[in-house]
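The data block below is coords-v1.cif; it holds mmCIF, C-alpha atoms.
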```
data_input
loop_
_atom_site.label_atom_id
_atom_site.label_comp_id
_atom_site.auth_asym_id
_atom_site.auth_seq_id
_atom_site.Cartn_x
_atom_site.Cartn_y
_atom_site.Cartn_z
CA MET A 1 0.00 0.00 0.00
CA THR A 2 2.88 2.35 0.86
CA THR A 3 4.46 1.63 -2.54
CA PHE A 4 1.18 2.47 -4.22
CA ILE A 5 0.73 5.75 -2.34
CA ASP A 6 4.36 6.69 -2.85
CA ALA A 7 4.18 5.87 -6.56
CA SER A 8 0.92 7.83 -6.88
CA VAL A 9 2.46 10.94 -5.32
CA ARG A 10 5.47 10.78 -7.63
CA ALA A 11 3.16 10.07 -10.60
CA PHE A 12 1.19 13.24 -9.82
CA ALA A 13 4.46 15.15 -9.65
CA LEU A 14 5.44 13.83 -13.10
CA ILE A 15 2.07 14.82 -14.57
CA SER A 16 1.91 18.27 -12.96
CA GLY A 17 5.53 18.95 -13.88
CA PHE A 18 4.91 18.06 -17.56
CA ASP A 19 7.79 15.58 -17.45
CA ARG A 20 9.50 15.54 -20.88
CA GLU A 21 9.61 11.73 -21.22
CA LEU A 22 6.00 11.45 -20.13
CA MET A 23 4.86 14.10 -22.62
CA SER A 24 6.78 12.50 -25.50
CA VAL A 25 5.20 9.11 -24.77
CA ILE A 26 1.71 10.65 -24.56
CA SER A 27 2.08 12.65 -27.78
CA LEU A 28 3.38 9.61 -29.69
CA SER A 29 0.45 7.53 -28.38
CA LEU A 30 -2.06 10.13 -29.50
CA MET A 31 -0.34 10.55 -32.87
CA VAL A 32 -0.24 6.81 -33.59
CA SER A 33 -3.79 6.07 -32.41
CA GLY A 34 -5.23 9.25 -33.95
CA THR A 35 -3.64 8.55 -37.36
CA ALA A 36 -4.72 4.90 -37.21
CA LEU A 37 -8.26 6.00 -36.43
CA LEU A 38 -8.25 8.47 -39.34
CA ILE A 39 -7.08 5.74 -41.74
CA ALA A 40 -9.62 3.25 -40.34
CA ALA A 41 -12.40 5.84 -40.70
CA PHE A 42 -11.26 6.76 -44.21
CA ILE A 43 -11.59 3.12 -45.33
CA GLY A 44 -14.13 1.85 -42.79
CA LEU A 45 -16.83 4.48 -43.30
CA PRO A 46 -17.17 3.94 -47.08
CA ALA A 47 -17.08 0.16 -46.47
CA GLY A 48 -19.84 0.46 -43.85
CA ILE A 49 -21.85 2.70 -46.15
CA ILE A 50 -21.57 0.27 -49.08
CA LEU A 51 -22.54 -2.64 -46.82
CA GLY A 52 -25.46 -0.60 -45.45
CA PHE A 53 -26.89 0.44 -48.79
CA ARG A 54 -25.91 -2.14 -51.39
CA LYS A 55 -26.95 -5.71 -51.92
CA PHE A 56 -24.36 -8.02 -53.43
CA PRO A 57 -23.37 -11.71 -53.32
CA LEU A 58 -21.55 -12.91 -50.18
CA LYS A 59 -22.53 -9.76 -48.28
CA GLY A 60 -23.70 -11.89 -45.31
CA LEU A 61 -20.37 -13.73 -45.21
CA LEU A 62 -18.47 -10.45 -45.40
CA LEU A 63 -20.49 -9.03 -42.51
CA SER A 64 -19.88 -12.15 -40.40
CA ILE A 65 -16.14 -11.86 -41.04
CA LEU A 66 -16.19 -8.15 -40.21
CA ASN A 67 -18.10 -8.77 -36.98
CA SER A 68 -15.68 -11.54 -35.98
CA PHE A 69 -12.72 -9.25 -36.69
CA MET A 70 -14.11 -6.70 -34.23
CA GLY A 71 -12.79 -8.99 -31.51
CA LEU A 72 -9.42 -9.71 -33.15
CA PRO A 73 -6.73 -10.27 -30.50
CA PRO A 74 -4.25 -7.37 -30.92
CA VAL A 75 -1.28 -9.70 -30.52
CA VAL A 76 -2.47 -11.76 -33.50
CA VAL A 77 -2.78 -8.61 -35.62
CA GLY A 78 0.67 -7.60 -34.43
CA LEU A 79 2.09 -10.95 -35.46
CA PHE A 80 0.40 -10.72 -38.86
CA VAL A 81 1.76 -7.21 -39.51
CA TYR A 82 5.18 -8.27 -38.19
CA LEU A 83 5.37 -11.17 -40.67
CA ILE A 84 4.33 -8.92 -43.53
CA LEU A 85 6.77 -6.14 -42.65
CA SER A 86 9.71 -8.25 -41.53
CA ARG A 87 12.73 -8.37 -43.80
CA SER A 88 11.67 -11.72 -45.30
CA GLY A 89 8.03 -10.66 -45.59
CA PRO A 90 6.29 -9.38 -48.75
CA LEU A 91 6.61 -5.73 -47.65
CA GLY A 92 9.99 -6.09 -45.96
CA PHE A 93 11.65 -3.85 -48.56
CA LEU A 94 9.75 -0.88 -47.09
CA SER A 95 11.75 -1.16 -43.83
CA LEU A 96 8.73 -0.18 -41.76
CA LEU A 97 9.17 -2.66 -38.91
CA TYR A 98 9.90 -0.99 -35.54
CA THR A 99 8.70 2.40 -36.77
CA PRO A 100 5.60 4.41 -35.80
CA SER A 101 4.26 3.67 -39.32
CA ALA A 102 4.14 -0.06 -38.52
CA MET A 103 2.26 0.73 -35.30
CA ILE A 104 -0.22 2.86 -37.25
CA ILE A 105 -0.77 0.02 -39.75
CA ALA A 106 -1.43 -2.49 -36.95
CA GLN A 107 -3.83 -0.19 -35.12
CA SER A 108 -5.64 0.70 -38.37
CA ILE A 109 -6.29 -3.02 -38.93
CA LEU A 110 -7.66 -3.27 -35.38
CA ALA A 111 -9.90 -0.20 -35.75
CA PHE A 112 -11.19 -0.82 -39.28
CA PRO A 113 -13.69 -3.64 -38.53
CA ILE A 114 -15.15 -1.67 -35.61
CA VAL A 115 -15.69 1.47 -37.69
CA ALA A 116 -17.06 -0.43 -40.71
CA SER A 117 -19.29 -2.80 -38.77
CA LEU A 118 -20.78 -0.17 -36.43
CA CYS A 119 -21.28 2.22 -39.37
CA HIS A 120 -23.15 -0.56 -41.21
CA SER A 121 -25.26 -1.30 -38.10
CA ALA A 122 -26.09 2.40 -37.67
CA ILE A 123 -27.23 2.69 -41.29
CA VAL A 124 -29.40 -0.44 -41.30
CA SER A 125 -30.93 0.59 -37.96
CA VAL A 126 -32.43 3.73 -39.51
CA ASP A 127 -36.18 3.23 -39.87
CA PRO A 128 -36.92 2.21 -43.51
CA ILE A 129 -39.69 4.83 -43.56
CA ILE A 130 -36.96 7.52 -43.66
CA ARG A 131 -35.76 6.25 -47.04
CA GLN A 132 -39.31 6.11 -48.35
CA ALA A 133 -40.20 9.56 -47.00
CA SER A 134 -37.05 11.03 -48.50
CA ALA A 135 -37.72 9.44 -51.91
CA ALA A 136 -41.39 10.47 -51.74
CA LEU A 137 -40.31 14.09 -51.29
CA GLY A 138 -38.32 13.88 -54.52
CA ALA A 139 -34.83 12.96 -53.35
CA THR A 140 -32.44 11.27 -55.76
CA GLN A 141 -30.88 7.95 -54.75
CA PHE A 142 -27.77 9.80 -53.61
CA GLN A 143 -29.80 12.33 -51.59
CA VAL A 144 -31.71 9.48 -49.96
CA SER A 145 -28.39 7.90 -48.93
CA VAL A 146 -27.11 11.19 -47.50
CA THR A 147 -30.36 11.61 -45.54
CA VAL A 148 -30.08 8.10 -44.10
CA MET A 149 -26.47 8.76 -43.10
CA LYS A 150 -27.50 11.96 -41.36
CA GLU A 151 -30.10 9.98 -39.41
CA ALA A 152 -27.42 7.40 -38.53
CA ARG A 153 -24.86 10.02 -37.48
CA HIS A 154 -24.99 9.20 -33.76
CA GLY A 155 -24.36 5.49 -34.39
CA ILE A 156 -21.55 6.25 -36.83
CA MET A 157 -19.88 8.56 -34.31
CA SER A 158 -20.24 5.89 -31.62
CA GLY A 159 -18.40 3.45 -33.91
CA ILE A 160 -15.50 5.85 -34.41
CA ILE A 161 -15.20 6.54 -30.68
CA ALA A 162 -15.43 2.84 -29.84
CA ALA A 163 -12.57 2.20 -32.28
CA LEU A 164 -10.47 4.91 -30.61
CA GLY A 165 -11.14 3.27 -27.25
CA ARG A 166 -9.94 -0.03 -28.67
CA VAL A 167 -6.65 1.21 -30.14
CA ILE A 168 -5.57 3.71 -27.49
CA GLY A 169 -5.48 1.02 -24.83
CA GLU A 170 -4.01 -1.90 -26.78
CA VAL A 171 -0.47 -3.15 -26.19
CA GLY A 172 0.00 -6.49 -27.98
CA ALA A 173 0.14 -5.30 -31.58
CA ILE A 174 2.28 -2.21 -31.13
CA LEU A 175 4.73 -3.98 -28.87
CA LEU A 176 5.36 -6.58 -31.59
CA VAL A 177 5.65 -4.21 -34.55
CA GLY A 178 6.96 -1.11 -32.75
CA GLY A 179 9.52 -2.76 -30.55
CA ASN A 180 9.10 -0.25 -27.70
CA ILE A 181 12.14 1.84 -28.65
CA ALA A 182 12.62 4.73 -26.22
CA GLY A 183 11.91 8.12 -27.77
CA TYR A 184 10.87 6.54 -31.07
CA THR A 185 8.17 3.88 -30.76
CA ARG A 186 7.49 3.90 -27.03
CA VAL A 187 3.84 4.71 -26.30
CA MET A 188 1.75 4.79 -23.12
CA THR A 189 0.73 1.14 -22.98
CA THR A 190 4.15 -0.27 -23.87
CA THR A 191 5.80 2.04 -21.34
CA ILE A 192 3.41 0.84 -18.63
CA ALA A 193 4.31 -2.78 -19.45
CA LEU A 194 8.03 -2.08 -19.49
CA GLU A 195 8.23 0.21 -16.44
CA GLY A 196 5.93 -2.11 -14.47
CA ASP A 197 8.31 -4.99 -15.26
CA LYS A 198 11.28 -2.91 -14.08
CA GLY A 199 9.52 -1.96 -10.86
CA ASN A 200 9.51 1.73 -11.88
CA PHE A 201 5.93 2.24 -10.82
CA GLU A 202 5.67 6.05 -10.73
CA LEU A 203 5.94 6.52 -14.52
CA ALA A 204 3.77 3.45 -15.14
CA LEU A 205 1.18 4.73 -12.71
CA ALA A 206 1.23 8.26 -14.16
CA LEU A 207 0.59 6.85 -17.62
CA GLY A 208 -2.05 4.50 -16.22
CA MET A 209 -3.86 7.48 -14.73
CA ILE A 210 -3.73 9.36 -18.03
CA LEU A 211 -5.02 6.28 -19.90
CA LEU A 212 -7.84 5.98 -17.37
CA VAL A 213 -8.77 9.64 -17.87
CA LEU A 214 -8.68 9.16 -21.66
CA SER A 215 -10.84 6.06 -21.34
CA LEU A 216 -13.25 8.03 -19.16
CA VAL A 217 -13.42 10.84 -21.72
CA ILE A 218 -14.02 8.33 -24.55
CA ASN A 219 -16.76 6.55 -22.62
CA ALA A 220 -18.37 9.82 -21.54
CA SER A 221 -18.40 10.93 -25.19
CA LEU A 222 -20.01 7.62 -26.19
CA HIS A 223 -22.63 7.97 -23.46
CA TRP A 224 -23.36 11.56 -24.53
CA ILE A 225 -23.73 10.55 -28.20
CA GLN A 226 -26.05 7.68 -27.30
CA LYS A 227 -28.11 10.04 -25.14
CA GLN A 228 -28.44 12.42 -28.07
CA ALA A 229 -29.74 9.60 -30.25
CA ILE A 230 -32.37 8.58 -27.70
CA ARG A 231 -33.42 12.07 -26.63
CA PRO A 232 -32.94 14.30 -29.64
CA MET A 233 -31.93 17.88 -29.08
CA ASN A 234 -33.18 20.79 -31.11
CA ARG A 235 -30.67 21.88 -33.71
CA MET B 1 -55.73 19.62 -63.10
CA ASN B 2 -52.89 19.92 -65.55
CA MET B 3 -51.57 16.47 -64.79
CA GLN B 4 -53.46 13.24 -65.15
CA LEU B 5 -52.64 9.80 -63.87
CA THR B 6 -53.75 6.62 -65.53
CA VAL B 7 -53.05 3.23 -64.04
CA SER B 8 -53.90 0.20 -66.08
CA ASN B 9 -54.00 -3.45 -65.04
CA ILE B 10 -51.67 -3.01 -62.07
CA THR B 11 -50.71 -6.27 -60.42
CA LYS B 12 -48.32 -6.65 -57.50
CA ILE B 13 -47.19 -9.91 -55.93
CA TYR B 14 -45.17 -10.22 -52.70
CA ASP B 15 -43.88 -13.67 -51.72
CA SER B 16 -46.39 -15.37 -54.04
CA ILE B 17 -49.25 -13.41 -52.47
CA ARG B 18 -51.22 -11.29 -54.92
CA ILE B 19 -51.57 -7.89 -53.25
CA LEU B 20 -53.03 -6.05 -56.25
CA SER B 21 -54.98 -7.62 -59.09
CA GLU B 22 -55.31 -5.78 -62.38
CA CYS B 23 -56.22 -2.41 -60.87
CA SER B 24 -57.16 0.24 -63.40
CA PHE B 25 -58.30 3.82 -62.96
CA SER B 26 -57.83 7.28 -64.44
CA PHE B 27 -57.37 10.25 -62.15
CA GLU B 28 -58.38 12.83 -64.73
CA LYS B 29 -60.16 15.61 -62.87
CA SER B 30 -58.82 17.63 -59.97
CA GLY B 31 -60.34 17.00 -56.57
CA ILE B 32 -60.13 14.56 -53.71
CA TYR B 33 -60.14 10.86 -54.51
CA GLY B 34 -60.92 8.63 -51.53
CA ILE B 35 -59.92 4.99 -51.57
CA THR B 36 -61.54 2.94 -48.81
CA GLY B 37 -61.01 -0.64 -47.86
CA PRO B 38 -60.05 -2.79 -44.89
CA ASN B 39 -56.48 -3.06 -43.62
CA GLY B 40 -54.39 -5.29 -45.86
CA SER B 41 -56.59 -4.77 -48.91
CA GLY B 42 -53.70 -3.29 -50.91
CA LYS B 43 -54.41 0.46 -50.56
CA SER B 44 -50.89 1.41 -49.40
CA THR B 45 -49.20 -0.70 -52.09
CA PHE B 46 -51.42 0.94 -54.68
CA LEU B 47 -50.39 4.41 -53.46
CA ARG B 48 -46.68 3.52 -53.41
CA ILE B 49 -46.97 2.31 -57.02
CA CYS B 50 -48.96 5.40 -58.08
CA SER B 51 -46.36 7.66 -56.46
CA LEU B 52 -43.59 5.78 -58.35
CA LEU B 53 -41.87 4.53 -55.20
CA GLU B 54 -42.50 0.96 -56.31
CA THR B 55 -42.92 -0.69 -59.67
CA PRO B 56 -45.80 -3.04 -60.45
CA ASP B 57 -45.16 -6.62 -61.54
CA GLU B 58 -47.66 -6.12 -64.34
CA GLY B 59 -49.48 -3.14 -65.74
CA LYS B 60 -48.61 0.50 -66.32
CA VAL B 61 -48.56 3.80 -64.45
CA VAL B 62 -48.72 6.71 -66.87
CA TYR B 63 -48.64 10.39 -66.02
CA LEU B 64 -49.97 12.75 -68.68
CA SER B 65 -49.58 16.48 -69.05
CA ASP B 66 -51.42 18.29 -71.85
CA GLY B 67 -52.20 14.95 -73.40
CA ARG B 68 -48.56 13.83 -73.54
CA SER B 69 -47.19 11.03 -71.41
CA LEU B 70 -44.37 12.02 -69.06
CA THR B 71 -41.16 10.06 -68.64
CA ASN B 72 -40.69 8.37 -65.28
CA ASP B 73 -37.68 10.37 -64.11
CA ILE B 74 -36.71 12.59 -61.20
CA SER B 75 -38.49 15.65 -62.63
CA LEU B 76 -41.78 13.72 -62.78
CA ARG B 77 -41.25 12.29 -59.29
CA ARG B 78 -40.74 15.83 -58.01
CA ARG B 79 -44.20 16.84 -59.22
CA ILE B 80 -45.93 14.25 -57.02
CA THR B 81 -45.51 13.22 -53.41
CA LEU B 82 -46.70 10.65 -50.92
CA VAL B 83 -47.26 11.23 -47.20
CA LEU B 84 -46.67 7.88 -45.51
CA PRO B 85 -48.78 6.63 -42.57
CA GLY B 86 -45.92 7.14 -40.10
CA VAL B 87 -44.78 10.28 -42.00
CA GLY B 88 -41.08 9.47 -41.41
CA VAL B 89 -39.97 12.68 -39.76
CA PHE B 90 -36.25 13.43 -39.79
CA ASN B 91 -34.23 13.96 -36.62
CA ALA B 92 -34.11 17.73 -37.14
CA THR B 93 -36.21 20.77 -36.35
CA VAL B 94 -39.75 21.10 -37.66
CA MET B 95 -38.60 23.89 -40.02
CA LYS B 96 -35.71 21.79 -41.38
CA ASN B 97 -38.17 18.96 -42.02
CA VAL B 98 -40.42 21.28 -43.99
CA LEU B 99 -37.54 22.75 -45.97
CA TYR B 100 -36.16 19.29 -46.86
CA GLY B 101 -38.09 19.02 -50.14
CA LEU B 102 -36.89 22.48 -51.18
CA HIS B 103 -33.27 21.88 -50.17
CA ILE B 104 -32.98 18.71 -52.24
CA ARG B 105 -34.27 20.76 -55.18
CA GLY B 106 -31.48 23.24 -54.58
CA GLN B 107 -33.83 25.90 -53.23
CA LYS B 108 -32.37 27.60 -50.19
CA GLY B 109 -32.29 31.05 -48.66
CA LYS B 110 -34.95 33.56 -47.73
CA ASP B 111 -37.49 32.53 -50.35
CA ALA B 112 -37.38 28.92 -49.19
CA GLU B 113 -37.69 30.04 -45.54
CA GLU B 114 -40.76 32.08 -46.40
CA ARG B 115 -42.38 29.16 -48.19
CA GLY B 116 -41.60 26.97 -45.21
CA THR B 117 -43.18 29.50 -42.86
CA VAL B 118 -46.34 29.67 -45.00
CA ALA B 119 -46.59 25.87 -45.04
CA LEU B 120 -46.13 25.70 -41.26
CA GLU B 121 -48.75 28.37 -40.70
CA PHE B 122 -51.11 26.39 -42.95
CA VAL B 123 -50.83 23.32 -40.71
CA GLY B 124 -50.69 25.32 -37.45
CA LEU B 125 -47.15 24.32 -36.49
CA HIS B 126 -45.47 27.69 -36.93
CA ASN B 127 -44.97 28.11 -33.17
CA LYS B 128 -43.05 24.79 -33.09
CA LYS B 129 -40.71 25.49 -36.00
CA ASN B 130 -37.56 25.29 -33.86
CA GLN B 131 -38.64 22.16 -31.98
CA ASN B 132 -37.20 18.77 -32.90
CA ALA B 133 -39.76 17.01 -35.09
CA LEU B 134 -39.31 13.70 -33.24
CA THR B 135 -40.84 15.30 -30.14
CA LEU B 136 -44.14 16.08 -31.91
CA SER B 137 -47.31 14.10 -31.22
CA SER B 138 -48.68 11.69 -33.89
CA GLY B 139 -51.24 14.26 -34.99
CA GLU B 140 -48.63 17.00 -35.24
CA LYS B 141 -46.33 14.67 -37.20
CA GLN B 142 -49.13 14.06 -39.69
CA ARG B 143 -49.65 17.80 -40.02
CA LEU B 144 -45.90 18.21 -40.53
CA GLY B 145 -46.14 15.56 -43.27
CA LEU B 146 -48.80 17.70 -44.96
CA ALA B 147 -46.62 20.81 -44.65
CA ARG B 148 -43.64 18.96 -46.16
CA ALA B 149 -45.86 17.94 -49.08
CA LEU B 150 -47.44 21.37 -49.48
CA VAL B 151 -44.19 23.32 -49.56
CA ILE B 152 -42.97 21.58 -52.73
CA GLN B 153 -46.19 22.54 -54.53
CA PRO B 154 -46.90 19.18 -56.14
CA ASP B 155 -49.57 18.50 -58.75
CA ILE B 156 -50.78 15.38 -56.95
CA VAL B 157 -50.49 14.46 -53.26
CA PHE B 158 -51.06 10.90 -52.09
CA LEU B 159 -52.02 10.59 -48.44
CA ASP B 160 -51.81 7.10 -46.96
CA GLU B 161 -54.12 6.80 -43.94
CA PRO B 162 -53.39 10.36 -42.74
CA THR B 163 -55.56 10.06 -39.64
CA ALA B 164 -55.02 6.39 -38.72
CA SER B 165 -53.24 7.03 -35.43
CA VAL B 166 -54.50 10.51 -34.69
CA ASP B 167 -56.92 11.82 -32.06
CA ARG B 168 -60.30 13.33 -32.94
CA LYS B 169 -59.17 16.96 -32.69
CA ASN B 170 -56.19 16.42 -35.00
CA THR B 171 -58.34 14.33 -37.36
CA ALA B 172 -60.74 17.27 -37.78
CA MET B 173 -57.81 19.65 -38.35
CA ILE B 174 -56.20 17.35 -40.93
CA GLU B 175 -59.51 16.86 -42.78
CA ASP B 176 -60.00 20.62 -42.89
CA MET B 177 -56.45 21.07 -44.23
CA ILE B 178 -56.98 18.47 -46.96
CA ILE B 179 -60.10 20.33 -48.15
CA ARG B 180 -58.29 23.68 -48.04
CA LEU B 181 -55.36 22.13 -49.91
CA LYS B 182 -57.71 21.25 -52.76
CA ASN B 183 -59.69 24.52 -52.69
CA ASN B 184 -56.85 27.01 -52.23
CA ASN B 185 -53.99 25.30 -54.04
CA GLY B 186 -55.89 23.30 -56.66
CA ILE B 187 -53.90 20.19 -55.74
CA THR B 188 -55.33 16.78 -56.53
CA VAL B 189 -55.39 14.64 -53.40
CA VAL B 190 -55.61 10.86 -53.38
CA ILE B 191 -56.32 9.61 -49.88
CA THR B 192 -56.63 6.10 -48.50
CA THR B 193 -58.64 5.42 -45.37
CA HIS B 194 -60.33 2.48 -43.73
CA ASP B 195 -62.94 4.90 -42.36
CA ALA B 196 -65.82 4.92 -44.86
CA ALA B 197 -67.48 7.90 -43.14
CA GLN B 198 -64.29 9.95 -43.50
CA ALA B 199 -64.02 9.03 -47.16
CA LYS B 200 -67.60 10.22 -47.65
CA ARG B 201 -66.89 13.52 -45.87
CA LEU B 202 -63.77 14.31 -47.88
CA SER B 203 -64.01 12.72 -51.29
CA ASP B 204 -65.23 14.11 -54.56
CA TYR B 205 -64.64 10.69 -56.10
CA SER B 206 -64.84 7.42 -54.17
CA LEU B 207 -63.09 4.17 -54.88
CA VAL B 208 -63.07 0.88 -53.04
CA MET B 209 -60.13 -1.49 -52.67
CA ASP B 210 -61.14 -5.02 -51.77
CA SER B 211 -58.60 -7.85 -51.66
CA GLY B 212 -56.45 -6.13 -54.25
CA HIS B 213 -59.30 -5.24 -56.59
CA LEU B 214 -59.99 -1.55 -57.21
CA SER B 215 -63.44 -0.39 -58.24
CA PRO B 216 -65.37 2.89 -58.27
CA GLU B 217 -67.98 3.07 -55.52
#
```
Would you write the structure of this file as structure tokens?
Amino acid sequence: MTTFIDASVRAFALISGFDRELMSVISLSLMVSGTALLIAAFIGLPAGIILGFRKFPLKGLLLSILNSFMGLPPVVVGLFVYLILSRSGPLGFLSLLYTPSAMIIAQSILAFPIVASLCHSAIVSVDPIIRQASAALGATQFQVSVTVMKEARHGIMSGIIAALGRVIGEVGAILLVGGNIAGYTRVMTTTIALEGDKGNFELALALGMILLVLSLVINASLHWIQKQAIRPMNR
Amino acid sequence: MNMQLTVSNITKIYDSIRILSECSFSFEKSGIYGITGPNGSGKSTFLRICSLLETPDEGKVVYLSDGRSLTNDISLRRRITLVLPGVGVFNATVMKNVLYGLHIRGQKGKDAEERGTVALEFVGLHNKKNQNALTLSSGEKQRLGLARALVIQPDIVFLDEPTASVDRKNTAMIEDMIIRLKNNNGITVVITTHDAAQAKRLSDYSLVMDSGHLSPE
């Protein structure tokens, strides 16, 4: 208990003093996860939209795969990306292994199914009468789709935030492909694992606190968005 | 009425069940056409086909203007509209709902706002223009549906059971609005209802739908 209290006090000191190492780890974490989320949204949203609006062969199978991939173990994704990017792998010539780019690729793969699947769910959950009402008022097929997406906006946003929650806290994939190199690929979760192992609890605890706050902010945002969908506000 | 609608031998089959059987009719004169019939008789399907939201399995839907048949394209579909039984209000303010039909036609700005205000005053929802449409009562939603239809100034309005889930007070208001819509705006209204008395009160021309068969009363 004394260790915990002592570590907590020193962790607070690190946070309040804007410790350089701490800040660099936090900014790299946010950069990697933020970029991964942007890439996942850039690919996942159109994929979710196509799945939500179009009918095509094997769509059911594709959706099942996508839903299963929402629960992909990060360490498996890490291993997969590692094998692809390693020197003997098909993309080894890019020399991306143990770089932030490799971490972004791994986290994008983790976030993509969540964004795409939840975007699809949000679109198909919109009452079919909205499509009919929109078409009946003279909307083109494209305008109908835009209207449906506007109605699904809360669900789509929830998907993006859920994906951020998934990648910001994962450790398995980025540890494998990033290598946890100090000042280069070391992020919050990998630092916690490493410093915890070394018995250097104050930095680990400080980062743990920040991760908890981030998680709280993400969940509060999700809760707020879901509340907006249930009890619409005037706009 | 500068637009006529002729449907000939319309048949629609869902999952091997014949919903409509060779329905034919010409909506030639302006006025209110009332289609009565029990639930499940095919009235809604008939309206969706007439308003070009669905295609029939057999038969033809032809719109005529000055004796010439019109092509089934977006410009024709923008001259007619259907108000669905549940209306399908969008998660936006009452005013934004009303302006939807104008916005998708590229009409924005002050003129559109004014038309929206007139439409909302017509249905008595002007004082709720900034309220989210999802918070309206069923009767108010139906009136909003009428305003959304009115603002785009269509030639023909199809109303599918506009008072099915509405209280007596709102029913009277909606009926009054439908009559004013015809008298003031010269719009042809085709209304379905399972209430024969209502059809009698409103209609200039009465039709009956029975097990997918349409016939004049």
Apply the PyMOL selection byres ((chain B) within 6 of (chain A)) to the structure shown and report the selected residues as a list in words.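 Expected selection for the PyMOL selection byres ((chain B) within 6 of (chain A)) here is Arg77, Arg78, Thr81, Leu82, Gly88, Gly101, Gln131 and Asn132 of chain B.
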Using all atoms listed in the file, determine which residues lie at most 6 Å from segment 34-51 of chain B, disregarding the query and same-chain residues fewer than 4 positions distant; provide the list as an MDAnalysis selection string. chainID B and resid 19 55 191:194 199 203 206:212
From the set B:Leu214, B:Ala112, B:Ile74, B:Leu159, which residue has the shortest atom-to-atom contact distance to Gly86 of chain B, counting only C-alpha atoms?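 So, comparing all the options, the nearest one is B:Leu159.
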Padding of 5 Å on every side, edges along x, y and z, all listed atoms of segment 77-93 of chain B included: what centre and edge lengths in Å, to one decimal, does that box have, as AutoDock Vina command-line options?
```
--center_x -41.4 --center_y 13.7 --center_z -47.8 --size_x 24.7 --size_y 24.1 --size_z 32.9
```
With the PyMOL selection byres ((chain A and resi 166) around 12) as the selection, what would be picked from this file? Answer as a ChimeraX atom specification, please. /A:33-34,36-37,70-74,107-115,159-165,167-173,211,214-215,218-219
How would the residues just chosen look if you wrote them out with C-alpha atoms as a PDB file, in the frame of the given file?
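The result, written out as result.pdb:
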```
ATOM      1  CA  SER A  33      -3.790   6.070 -32.410  1.00  0.00           C
ATOM      2  CA  GLY A  34      -5.230   9.250 -33.950  1.00  0.00           C
ATOM      3  CA  ALA A  36      -4.720   4.900 -37.210  1.00  0.00           C
ATOM      4  CA  LEU A  37      -8.260   6.000 -36.430  1.00  0.00           C
ATOM      5  CA  MET A  70     -14.110  -6.700 -34.230  1.00  0.00           C
ATOM      6  CA  GLY A  71     -12.790  -8.990 -31.510  1.00  0.00           C
ATOM      7  CA  LEU A  72      -9.420  -9.710 -33.150  1.00  0.00           C
ATOM      8  CA  PRO A  73      -6.730 -10.270 -30.500  1.00  0.00           C
ATOM      9  CA  PRO A  74      -4.250  -7.370 -30.920  1.00  0.00           C
ATOM     10  CA  GLN A 107      -3.830  -0.190 -35.120  1.00  0.00           C
ATOM     11  CA  SER A 108      -5.640   0.700 -38.370  1.00  0.00           C
ATOM     12  CA  ILE A 109      -6.290  -3.020 -38.930  1.00  0.00           C
ATOM     13  CA  LEU A 110      -7.660  -3.270 -35.380  1.00  0.00           C
ATOM     14  CA  ALA A 111      -9.900  -0.200 -35.750  1.00  0.00           C
ATOM     15  CA  PHE A 112     -11.190  -0.820 -39.280  1.00  0.00           C
ATOM     16  CA  PRO A 113     -13.690  -3.640 -38.530  1.00  0.00           C
ATOM     17  CA  ILE A 114     -15.150  -1.670 -35.610  1.00  0.00           C
ATOM     18  CA  VAL A 115     -15.690   1.470 -37.690  1.00  0.00           C
ATOM     19  CA  GLY A 159     -18.400   3.450 -33.910  1.00  0.00           C
ATOM     20  CA  ILE A 160     -15.500   5.850 -34.410  1.00  0.00           C
ATOM     21  CA  ILE A 161     -15.200   6.540 -30.680  1.00  0.00           C
ATOM     22  CA  ALA A 162     -15.430   2.840 -29.840  1.00  0.00           C
ATOM     23  CA  ALA A 163     -12.570   2.200 -32.280  1.00  0.00           C
ATOM     24  CA  LEU A 164     -10.470   4.910 -30.610  1.00  0.00           C
ATOM     25  CA  GLY A 165     -11.140   3.270 -27.250  1.00  0.00           C
ATOM     26  CA  VAL A 167      -6.650   1.210 -30.140  1.00  0.00           C
ATOM     27  CA  ILE A 168      -5.570   3.710 -27.490  1.00  0.00           C
ATOM     28  CA  GLY A 169      -5.480   1.020 -24.830  1.00  0.00           C
ATOM     29  CA  GLU A 170      -4.010  -1.900 -26.780  1.00  0.00           C
ATOM     30  CA  VAL A 171      -0.470  -3.150 -26.190  1.00  0.00           C
ATOM     31  CA  GLY A 172       0.000  -6.490 -27.980  1.00  0.00           C
ATOM     32  CA  ALA A 173       0.140  -5.300 -31.580  1.00  0.00           C
ATOM     33  CA  LEU A 211      -5.020   6.280 -19.900  1.00  0.00           C
ATOM     34  CA  LEU A 214      -8.680   9.160 -21.660  1.00  0.00           C
ATOM     35  CA  SER A 215     -10.840   6.060 -21.340  1.00  0.00           C
ATOM     36  CA  ILE A 218     -14.020   8.330 -24.550  1.00  0.00           C
ATOM     37  CA  ASN A 219     -16.760   6.550 -22.620  1.00  0.00           C
TER      38      ASN A 219
END
```
Name the residues, using the chain letters and numbers of the file, that sit within 10 Å of (4.1, -6.8, -30.4) when counting only C-alpha atoms, and give them as an MDAnalysis selection string. chainID A and resid 74:79 81:82 98 103 106 171:180 190
Quick one: which residues end up in the PyMOL selection byres ((chain B and resi 22) around 9) for this structure, as a list in words?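 Selection result, ordered by chain and number: Ser8, Asn9, Ile10, Thr11, Lys12, Leu20, Ser21, Cys23, Ser24, Glu58, Gly59, Gly212, His213 and Leu214 of chain B.
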